[in-house]
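Asker: Here's a structure for you.
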Amino acid sequence: MWHLNLSIDGDARETLSAQLRNALRGRITDGTLRPGTRVPSTRQLATDLGVSRTVVVEAYEQLCAEGYLTSQRGSGTSVADSARAGVASALTADEAPAPEVWDLRAGGTDVSTFPRQDWIRCVGAVLRSAGPRELGYAPPSGLPPVRRTLAGYLGRVRGVRVRPEHLMITSGFAQGLALLCRVLRDQGHEAIGVRQAAHPSLVEEHRAVPRMWGGGLPPAVHG
């Protein structure tokens, strides 16, 4: 049974889905909904709130994408077990781990400053305007609008002069590294220099997943 007092306002400027999403996110971050807590089905919650099921589905899907909820076929939807959802703030003083003052590990990012709301707003705008071409399979080098946007960003922020057709969008660091190593290997190179202090895990990754390095281009680690 759903016992939380949730309400949404049909006259508010914020969409019904956004209101529900923010309300659930608030219950999770303040510890009201603990990790593993089962939330109602989309049909049940839609009936309880007097809204269409689509409103609840959109809210659940976005919260799953953000890491607050997890959904499994046949098991329903529940609050995610990870502390990423901010549930750690609800732990008692005895349960809470000691805070880290500085994280000096290489390769990390300051995720605390990530513009979540801006990112969600941009993703929503792109999805609403996306057509069959954008939602289908992209060219190997990436969608032209993405490459044009990236070329503009690199010129504006990084001072890089590049044409969109000279850019290639990869699925991540691993693919980009593999493609680069493959090109270097085909040109006769037998090793690639890597600073150990900058990325200490690369040697172990090469041993575990050799294809990550273009199928045979080992890293020569330097101090």
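Residues are referred to by chain and number: the chain letter is A, B, ... according to the order shown in the structure tokens, the number counts from 1 in that chain, and ligands are numbered separately from 1 in the order shown.
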Among segment 36-186 of chain A, which ones does DSSP place in strand (DSSP E), written as a PyMOL selection string?
Answerer: chain A and resi 69-72+76-79
Asker: Could you write out that same residue set with C-alpha atoms as a PDB file, in the first residue's frame?
Answerer:
ATOM      1  CA  LEU A  69      14.845   4.083  -8.718  1.00  0.00           C
ATOM      2  CA  THR A  70      15.520   0.659 -10.175  1.00  0.00           C
ATOM      3  CA  SER A  71      13.075  -1.390 -12.203  1.00  0.00           C
ATOM      4  CA  GLN A  72      13.193  -5.099 -13.009  1.00  0.00           C
ATOM      5  CA  GLY A  76       8.332  -3.992  -9.968  1.00  0.00           C
ATOM      6  CA  THR A  77      10.046  -0.696  -9.157  1.00  0.00           C
ATOM      7  CA  SER A  78      11.914   0.124  -5.958  1.00  0.00           C
ATOM      8  CA  VAL A  79      14.318   2.673  -4.499  1.00  0.00           C
TER       9      VAL A  79
END
Asker: Kindly provide the residues of segment 141-173 of chain A that approach segment 124-130 of chain A to within 12 Å, each paired with its closest atom pair and their distance in Å to one decimal, based on only C-alpha atoms, listed by chain and increasing number, as a Markdown table.
Answerer:
| residue | atom | partner | partner_atom | distance |
| --- | --- | --- | --- | --- |
| A:Leu143 | CA | A:Ala130 | CA | 11.8 |
| A:Pro145 | CA | A:Val126 | CA | 11.1 |
| A:Val146 | CA | A:Val126 | CA | 11.0 |
Asker: Could you pull out the helix (DSSP H, G or I) residues of segment 21-85 of chain A from DSSP and send them as number ranges by chain?
Answerer: A: 21-29, 42-49, 53-66, 83-85
Asker: Take the residues from that selection and put them in a file with C-alpha atoms, as a PDB file, in the first residue's frame.
Answerer:
ATOM      1  CA  ARG A  21       9.363  13.247 -10.124  1.00  0.00           C
ATOM      2  CA  ASN A  22      10.488  16.022  -7.770  1.00  0.00           C
ATOM      3  CA  ALA A  23       8.196  14.818  -4.999  1.00  0.00           C
ATOM      4  CA  LEU A  24       9.505  11.262  -5.167  1.00  0.00           C
ATOM      5  CA  ARG A  25      13.102  12.434  -5.437  1.00  0.00           C
ATOM      6  CA  GLY A  26      12.583  14.534  -2.313  1.00  0.00           C
ATOM      7  CA  ARG A  27      11.203  11.557  -0.374  1.00  0.00           C
ATOM      8  CA  ILE A  28      14.262   9.522  -1.376  1.00  0.00           C
ATOM      9  CA  THR A  29      16.903  12.152  -0.624  1.00  0.00           C
ATOM     10  CA  THR A  42       2.498   3.003 -12.438  1.00  0.00           C
ATOM     11  CA  ARG A  43      -1.154   2.039 -12.831  1.00  0.00           C
ATOM     12  CA  GLN A  44      -1.835   2.096  -9.085  1.00  0.00           C
ATOM     13  CA  LEU A  45      -0.123   5.441  -8.486  1.00  0.00           C
ATOM     14  CA  ALA A  46      -1.837   6.999 -11.496  1.00  0.00           C
ATOM     15  CA  THR A  47      -5.194   5.915 -10.078  1.00  0.00           C
ATOM     16  CA  ASP A  48      -4.343   7.224  -6.602  1.00  0.00           C
ATOM     17  CA  LEU A  49      -3.302  10.632  -7.958  1.00  0.00           C
ATOM     18  CA  ARG A  53      -0.481   6.465 -16.411  1.00  0.00           C
ATOM     19  CA  THR A  54       1.862   8.218 -18.855  1.00  0.00           C
ATOM     20  CA  VAL A  55       2.598  10.881 -16.227  1.00  0.00           C
ATOM     21  CA  VAL A  56       3.780   8.238 -13.750  1.00  0.00           C
ATOM     22  CA  VAL A  57       5.692   6.244 -16.375  1.00  0.00           C
ATOM     23  CA  GLU A  58       7.659   9.338 -17.419  1.00  0.00           C
ATOM     24  CA  ALA A  59       8.473  10.196 -13.802  1.00  0.00           C
ATOM     25  CA  TYR A  60       9.615   6.638 -13.005  1.00  0.00           C
ATOM     26  CA  GLU A  61      11.725   6.360 -16.154  1.00  0.00           C
ATOM     27  CA  GLN A  62      13.525   9.628 -15.420  1.00  0.00           C
ATOM     28  CA  LEU A  63      14.195   8.662 -11.800  1.00  0.00           C
ATOM     29  CA  CYS A  64      15.530   5.298 -12.974  1.00  0.00           C
ATOM     30  CA  ALA A  65      17.837   7.111 -15.404  1.00  0.00           C
ATOM     31  CA  GLU A  66      19.078   9.340 -12.573  1.00  0.00           C
ATOM     32  CA  ALA A  83      24.004   5.931  -2.122  1.00  0.00           C
ATOM     33  CA  ARG A  84      24.010   7.942  -5.344  1.00  0.00           C
ATOM     34  CA  ALA A  85      20.396   8.885  -4.714  1.00  0.00           C
TER      35      ALA A  85
END
Asker: Just how far from atom CA of Arg121 of chain A is atom CA of Arg147 of chain A, in Å to one decimal?
Answerer: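 Computing the Euclidean distance for atom CA of Arg147 of chain A and atom CA of Arg121 of chain A yields 20.3 Å.
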Asker: Quick check, in Å to one decimal: how far apart do atom CA of His189 of chain A and atom CA of Leu177 of chain A lie?
Answerer: 14.5 Å
